[in-house]
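Contents: one structure, followed by commentary.
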Amino acid sequence: MNKPLEGLLILEFCQFLAGPSAGLKLADLGARVIKIERPKTGDACRQLSIKNLFIDEDSLLFHTINRNKESYAADLKNPEDLERLKKLISKADVMTHNFRPGVMEKIGLDYETVRKVNPKIVYGMVTGYGNEGPWKNKPGQDLLVQSVSGLAFLSGVDVDGPVPFGLSVSDIMCGNHLAQGIMGALIKRAKTNKSVLVEVSLLESILDVQFEVLTTYLNDGGKLPDRSGAKGSAHAYLSAPYGMYETSDGYIAMAMGNLPNICAIINCDITDLYIEAGSAFENRDKLIVRLAATFKKENTKHWVDLLESHGIWCAEVLSYQTATAMNTYKSLQIEQELDLADGKKIKTTVSPIRLDNEKLFASKAAPKLGGNTAEINKEFELK
């Protein structure tokens with residue numbers, strides 16, 4: 001199939017997760033993405049492992065984020081390498097980087113300089129807290145950004161203290177926003193025939209993720225999120241029954257719904273706690289405890305079958321082990337295998353986007369450090 005971004009050349013001066021994850025999504029859509037890496041060490045993510053898992057001397061994490069790309073090794077402090085890179089930039093459509101503010105200016109690859117080299121470049125920047133302001137030089141690391149954004153006070157119960165999210169959610173969402181911004185900029189460039197600057201920050205991305213609760217906070221007299229004290233509660237601003245409940249053999253998740261109707265179905269008496277609609281939030285903890293005692297009496301399948309037969313939104317709570325064994329999971333075709341140079345294969349996820357009913361599979365593994373330097377030099381006549 002012809003992918004929509006085929007023919008687009010992207011130079012990725014990024015490492016770790018946010019910028020490279022944007023490159024991954026654009027590569028899945030057909031763009032040619034060349035990682036510009038320092039010689040010998042490359043992207044620092046090559047040595048940043050989860051559970052100490054490595055494949056061919058690079059971390060499994062690196063393979064996850066950098067599949068379907070090429071690698072070009074260059075020393076940005078070397079005048080000859082820098083001159084070759086400028087020639088490559090002159091032929092590129094997009095350039096991205098996540099260097100600290102001021103670094104690209106010192107190197108001579110800042111936006112103002114680059115658009116003189118290529119007046120039609122789309123130039124994407126990722127920062128931790130913005131390119132200006134008092135925090136511009138603070139380290140932009142996912143957990144730190146979660147910590148200063150308020151996110152850590154949305155999960156868990158009220159006695160837990162701050163609870164970090166179990167994913168690099170700031171990085172991932174920032175990568176999504178960068179990819180969105182670049183595609184929007186490409187449309188603008190097509191209309192104006194001029195370069196476009198795209199700027200995103202980890203902090204702004206994770207604040208944007210919280211738009212529903214921040215909007216509530218800003219329009220509710222500045223009242224802080226009110227996490228429940230009951231085990232299983234799932235949202236600081238939503239009332240019972242919203243949450244997860246233990247059953248006799250597992251857990252069931254309850255979405256929003258008419259509480260008296262649900263309690264009538266499961267035979268849970270709440271007449272002393274639910275007087276009118278506002279009671280669902282005012283007595284949230286007591287109601288959750290009451291519901292929890294009822295759900296423990298039967299197994300998960302019993303409750304799901306019963307509730308779904310009455311049109312109530314609910315679901316069994318699954319682990320990775322059980323979720324990936326489901327026919328529904330398999331029918332999504334969300335897994336793919338990457339072909340490594342030595343004949344080995346590794347499994348990872350595939351783009352969730354379908355185009356004309358087709359999945360965007362891409363079996364090309366992450367590149368070896370500098371593995372494409374010679375051929376790129378030859379192709380673009382950089383020597």
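Residues in the structure tokens are named by chain (A, B, ... in the order shown) and by number from 1 within that chain; ligands are numbered from 1 in the order shown.
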
Exercise for the section: Give the helix (DSSP H, G or I) residues of region 200-250 of chain A, as DSSP finds them on the backbone, and put them as a list in words. Expected result: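 Put together, the selection reads Leu202, Leu203, Glu204, Ser205, Ile206, Leu207, Asp208, Val209, Phe211, Glu212, Val213, Leu214, Thr215, Thr216, Tyr217 and Leu218 of chain A.
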
Counting only C-alpha atoms, which residues of region 179-221 of chain A fall within 12 Å of region 141-165 of chain A, and what is the closest atom pair for each with its distance in Å at one decimal, ordered by chain and rising number, as a Markdown table?
```
| residue | atom | partner | partner_atom | distance |
| --- | --- | --- | --- | --- |
| A:Ser201 | CA | A:Val145 | CA | 9.9 |
| A:Leu202 | CA | A:Val145 | CA | 6.8 |
| A:Leu203 | CA | A:Val145 | CA | 5.8 |
| A:Glu204 | CA | A:Ser149 | CA | 8.8 |
| A:Ser205 | CA | A:Val145 | CA | 9.8 |
| A:Ile206 | CA | A:Ser149 | CA | 7.0 |
| A:Leu207 | CA | A:Ser149 | CA | 6.3 |
| A:Asp208 | CA | A:Ser149 | CA | 10.1 |
| A:Val209 | CA | A:Leu151 | CA | 9.3 |
| A:Gln210 | CA | A:Leu151 | CA | 7.5 |
| A:Phe211 | CA | A:Leu151 | CA | 11.0 |
| A:Glu212 | CA | A:Leu154 | CA | 11.9 |
| A:Val213 | CA | A:Leu154 | CA | 9.0 |
| A:Leu214 | CA | A:Gly150 | CA | 9.3 |
| A:Tyr217 | CA | A:Gly150 | CA | 11.2 |
```

Practice task
If you run DSSP over the backbone, which residues in region 319-376 of chain A end up strand (DSSP E)? Put them as an MDAnalysis selection string.
Solution key: chainID A and resid 335:339 345:349 354:355 358:359

Go ahead and write the residues just picked, C-alpha atoms, as a compact mmCIF listing (two decimals), in the first residue's frame.
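Contents of the output file out-v9.txt:
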```
# COMPACT_ATOMS: atom_id res chain seq x y z
CA GLU A 335 1.55 -7.24 17.41
CA GLN A 336 4.26 -7.53 14.79
CA GLU A 337 7.69 -9.13 14.53
CA LEU A 338 10.88 -7.22 13.72
CA ASP A 339 13.56 -8.95 11.65
CA LYS A 345 13.04 -11.77 15.68
CA ILE A 346 11.52 -9.64 18.42
CA LYS A 347 7.87 -8.88 19.04
CA THR A 348 6.52 -5.38 19.49
CA THR A 349 3.36 -3.41 18.84
CA ARG A 354 -5.57 1.66 9.78
CA LEU A 355 -5.62 3.24 6.31
CA GLU A 358 -5.03 -1.96 6.18
CA LYS A 359 -2.69 -2.01 9.19
```

Practice task
Just the residues within 12 Å of Gly108 (chain A), please, counting only C-alpha atoms, with nothing from its chain fewer than 4 positions along; format it as an MDAnalysis selection string.
Solution key: chainID A and resid 76:79 82:83 85:86 102:104 112:117

Exercise for the section: Determine, counting only C-alpha atoms, which protein, DNA and RNA residues have an atom within 12 Å of an atom of Leu29 (chain A); residues of the same chain fewer than 4 positions away are not included. Present the result as a list in words. Expected result: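 So, after excluding close chain neighbours, the residues are Met1, Asn2, Lys3, Pro4, Leu5, Glu6, Gly7, Leu8, Ala22, Gly23, Leu24, Lys25, Val33, Asn68, Ala179, Met183, Val350, Ser351, Pro352, Ile353, Arg354, Leu355, Glu358, Lys359, Leu360, Phe361 and Ala362 of chain A.
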
Store the residues of this selection in a file with N, CA and C atoms, as a PDB file, in the first residue's frame.
```pdb
ATOM      1  N   MET A   1       0.832  -1.191   0.000  1.00  0.00           N
ATOM      2  CA  MET A   1       0.000   0.000   0.000  1.00  0.00           C
ATOM      3  C   MET A   1       0.867   1.241   0.000  1.00  0.00           C
ATOM      4  N   ASN A   2       0.416   2.294  -0.636  1.00  0.00           N
ATOM      5  CA  ASN A   2       1.112   3.576  -0.612  1.00  0.00           C
ATOM      6  C   ASN A   2       0.752   4.314   0.679  1.00  0.00           C
ATOM      7  N   LYS A   3       1.763   4.583   1.496  1.00  0.00           N
ATOM      8  CA  LYS A   3       1.529   5.273   2.760  1.00  0.00           C
ATOM      9  C   LYS A   3       1.568   6.790   2.548  1.00  0.00           C
ATOM     10  N   PRO A   4       0.814   7.534   3.325  1.00  0.00           N
ATOM     11  CA  PRO A   4       0.629   8.973   3.047  1.00  0.00           C
ATOM     12  C   PRO A   4       1.884   9.822   3.153  1.00  0.00           C
ATOM     13  N   LEU A   5       2.877   9.404   3.938  1.00  0.00           N
ATOM     14  CA  LEU A   5       4.075  10.228   4.108  1.00  0.00           C
ATOM     15  C   LEU A   5       5.267   9.706   3.304  1.00  0.00           C
ATOM     16  N   GLU A   6       5.028   8.785   2.364  1.00  0.00           N
ATOM     17  CA  GLU A   6       6.117   8.287   1.524  1.00  0.00           C
ATOM     18  C   GLU A   6       6.735   9.441   0.733  1.00  0.00           C
ATOM     19  N   GLY A   7       8.075   9.429   0.656  1.00  0.00           N
ATOM     20  CA  GLY A   7       8.788  10.500  -0.033  1.00  0.00           C
ATOM     21  C   GLY A   7       9.223  11.618   0.888  1.00  0.00           C
ATOM     22  N   LEU A   8       8.762  11.589   2.140  1.00  0.00           N
ATOM     23  CA  LEU A   8       9.111  12.625   3.114  1.00  0.00           C
ATOM     24  C   LEU A   8      10.407  12.218   3.834  1.00  0.00           C
ATOM     25  N   ALA A  22       7.871  10.293  18.216  1.00  0.00           N
ATOM     26  CA  ALA A  22       7.234  11.018  17.116  1.00  0.00           C
ATOM     27  C   ALA A  22       7.775  10.512  15.783  1.00  0.00           C
ATOM     28  N   GLY A  23       9.089  10.321  15.708  1.00  0.00           N
ATOM     29  CA  GLY A  23       9.701   9.791  14.489  1.00  0.00           C
ATOM     30  C   GLY A  23       9.165   8.413  14.147  1.00  0.00           C
ATOM     31  N   LEU A  24       8.942   7.600  15.173  1.00  0.00           N
ATOM     32  CA  LEU A  24       8.381   6.263  14.968  1.00  0.00           C
ATOM     33  C   LEU A  24       7.008   6.334  14.315  1.00  0.00           C
ATOM     34  N   LYS A  25       6.157   7.221  14.808  1.00  0.00           N
ATOM     35  CA  LYS A  25       4.799   7.331  14.266  1.00  0.00           C
ATOM     36  C   LYS A  25       4.817   7.852  12.835  1.00  0.00           C
ATOM     37  N   VAL A  33      12.915   8.159   8.029  1.00  0.00           N
ATOM     38  CA  VAL A  33      13.455   8.813   9.218  1.00  0.00           C
ATOM     39  C   VAL A  33      14.912   8.389   9.410  1.00  0.00           C
ATOM     40  N   ASN A  68      12.220   0.781  12.118  1.00  0.00           N
ATOM     41  CA  ASN A  68      11.826   1.401  10.850  1.00  0.00           C
ATOM     42  C   ASN A  68      12.539   2.724  10.578  1.00  0.00           C
ATOM     43  N   ALA A 179       4.276  14.797  16.609  1.00  0.00           N
ATOM     44  CA  ALA A 179       3.860  14.220  15.323  1.00  0.00           C
ATOM     45  C   ALA A 179       2.660  14.984  14.747  1.00  0.00           C
ATOM     46  N   MET A 183       2.710  17.231  11.206  1.00  0.00           N
ATOM     47  CA  MET A 183       1.778  17.005  10.089  1.00  0.00           C
ATOM     48  C   MET A 183       0.966  18.267   9.789  1.00  0.00           C
ATOM     49  N   VAL A 350       2.311  -2.656  16.812  1.00  0.00           N
ATOM     50  CA  VAL A 350       2.219  -2.044  15.496  1.00  0.00           C
ATOM     51  C   VAL A 350       1.393  -0.767  15.634  1.00  0.00           C
ATOM     52  N   SER A 351       1.506   0.122  14.673  1.00  0.00           N
ATOM     53  CA  SER A 351       0.712   1.349  14.701  1.00  0.00           C
ATOM     54  C   SER A 351      -0.771   1.014  14.846  1.00  0.00           C
ATOM     55  N   PRO A 352      -1.494   1.745  15.698  1.00  0.00           N
ATOM     56  CA  PRO A 352      -2.926   1.486  15.856  1.00  0.00           C
ATOM     57  C   PRO A 352      -3.781   2.045  14.717  1.00  0.00           C
ATOM     58  N   ILE A 353      -3.135   2.747  13.786  1.00  0.00           N
ATOM     59  CA  ILE A 353      -3.861   3.386  12.690  1.00  0.00           C
ATOM     60  C   ILE A 353      -4.079   2.394  11.547  1.00  0.00           C
ATOM     61  N   ARG A 354      -5.272   2.394  11.002  1.00  0.00           N
ATOM     62  CA  ARG A 354      -5.574   1.660   9.778  1.00  0.00           C
ATOM     63  C   ARG A 354      -5.869   2.670   8.672  1.00  0.00           C
ATOM     64  N   LEU A 355      -5.349   2.404   7.481  1.00  0.00           N
ATOM     65  CA  LEU A 355      -5.625   3.237   6.313  1.00  0.00           C
ATOM     66  C   LEU A 355      -6.238   2.360   5.232  1.00  0.00           C
ATOM     67  N   GLU A 358      -6.298  -1.230   6.065  1.00  0.00           N
ATOM     68  CA  GLU A 358      -5.028  -1.956   6.184  1.00  0.00           C
ATOM     69  C   GLU A 358      -4.213  -1.438   7.360  1.00  0.00           C
ATOM     70  N   LYS A 359      -3.593  -2.371   8.095  1.00  0.00           N
ATOM     71  CA  LYS A 359      -2.692  -2.015   9.192  1.00  0.00           C
ATOM     72  C   LYS A 359      -1.353  -1.550   8.627  1.00  0.00           C
ATOM     73  N   LEU A 360      -0.652  -0.722   9.381  1.00  0.00           N
ATOM     74  CA  LEU A 360       0.630  -0.165   8.954  1.00  0.00           C
ATOM     75  C   LEU A 360       1.784  -0.992   9.505  1.00  0.00           C
ATOM     76  N   PHE A 361       1.887  -2.230   9.054  1.00  0.00           N
ATOM     77  CA  PHE A 361       2.973  -3.092   9.523  1.00  0.00           C
ATOM     78  C   PHE A 361       4.315  -2.603   8.984  1.00  0.00           C
ATOM     79  N   ALA A 362       5.369  -2.776   9.784  1.00  0.00           N
ATOM     80  CA  ALA A 362       6.725  -2.407   9.372  1.00  0.00           C
ATOM     81  C   ALA A 362       7.697  -3.294  10.140  1.00  0.00           C
TER      82      ALA A 362
END
```

Determine, using only C-alpha atoms, which residues of region 48-95 of chain A have any atom at most 9 Å from an atom of region 374-378 of chain A, and tabulate each with its shortest atom pair and distance in Å to one decimal place, rows ordered by chain and then rising number, as CSV.
```
residue,atom,partner,partner_atom,distance
A:Tyr72,CA,A:Ile376,CA,7.6
A:Arg84,CA,A:Asn377,CA,8.2
A:Leu88,CA,A:Asn377,CA,8.9
```

Pull N, CA, C and O atoms from the residues just selected and write them as a CSV table (one decimal), in the first residue's frame.
```csv
chain,number,residue,atom,x,y,z
A,72,TYR,N,22.6,7.6,11.1
A,72,TYR,CA,23.7,8.3,10.5
A,72,TYR,C,24.6,8.8,11.6
A,72,TYR,O,24.1,9.6,12.5
A,84,ARG,N,28.6,18.3,6.3
A,84,ARG,CA,27.8,17.3,5.6
A,84,ARG,C,26.4,17.3,6.1
A,84,ARG,O,25.5,17.0,5.3
A,88,LEU,N,22.8,17.7,4.1
A,88,LEU,CA,21.6,16.7,4.2
A,88,LEU,C,20.4,17.5,4.6
A,88,LEU,O,19.3,17.2,4.1
```

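Proximity of A:Ala190, A:Asp220, A:Cys268, A:Asp285 to Ala234 (chain A), computed with only C-alpha atoms, is greatest for A:Asp285.
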
Problem - Atom-to-atom span, CA of Gly343 (chain A) and CA of Thr373 (chain A), Å - result: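 Rounded to one decimal, the two atoms are 22.5 Å apart.
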
Taking only residues of region 270-317 of chain A that have an atom at most 7 Å from an atom of region 252-257 of chain A, what is each one's shortest atom pair and its distance in Å to one decimal, using only C-alpha atoms, in chain and number order, as JSON lines?
```
{"residue": "A:Thr300", "atom": "CA", "partner": "A:Ile252", "partner_atom": "CA", "distance": 6.1}
{"residue": "A:Ile312", "atom": "CA", "partner": "A:Gly257", "partner_atom": "CA", "distance": 6.9}
{"residue": "A:Trp313", "atom": "CA", "partner": "A:Ala255", "partner_atom": "CA", "distance": 5.6}
{"residue": "A:Cys314", "atom": "CA", "partner": "A:Met254", "partner_atom": "CA", "distance": 4.7}
{"residue": "A:Ala315", "atom": "CA", "partner": "A:Ala253", "partner_atom": "CA", "distance": 5.2}
{"residue": "A:Glu316", "atom": "CA", "partner": "A:Ile252", "partner_atom": "CA", "distance": 4.7}
{"residue": "A:Val317", "atom": "CA", "partner": "A:Ile252", "partner_atom": "CA", "distance": 5.5}
```

Deliver the residues from the most recent selection as a file, using N, CA and C atoms, as a compact mmCIF listing (two decimals), in the first residue's frame.
```
# COMPACT_ATOMS: atom_id res chain seq x y z
N THR A 300 -16.46 -12.96 38.79
CA THR A 300 -16.49 -11.86 37.83
C THR A 300 -17.45 -12.13 36.68
N ILE A 312 -25.57 -2.30 31.37
CA ILE A 312 -24.66 -1.56 32.25
C ILE A 312 -23.23 -1.70 31.74
N TRP A 313 -22.48 -0.60 31.70
CA TRP A 313 -21.10 -0.61 31.23
C TRP A 313 -20.17 -1.16 32.31
N CYS A 314 -19.54 -2.27 32.03
CA CYS A 314 -18.61 -2.88 32.98
C CYS A 314 -17.65 -3.77 32.21
N ALA A 315 -16.60 -4.25 32.88
CA ALA A 315 -15.63 -5.13 32.22
C ALA A 315 -14.83 -5.89 33.27
N GLU A 316 -14.38 -7.08 32.88
CA GLU A 316 -13.43 -7.81 33.72
C GLU A 316 -12.09 -7.08 33.67
N VAL A 317 -11.37 -7.05 34.78
CA VAL A 317 -10.05 -6.42 34.83
C VAL A 317 -9.01 -7.49 34.51
```
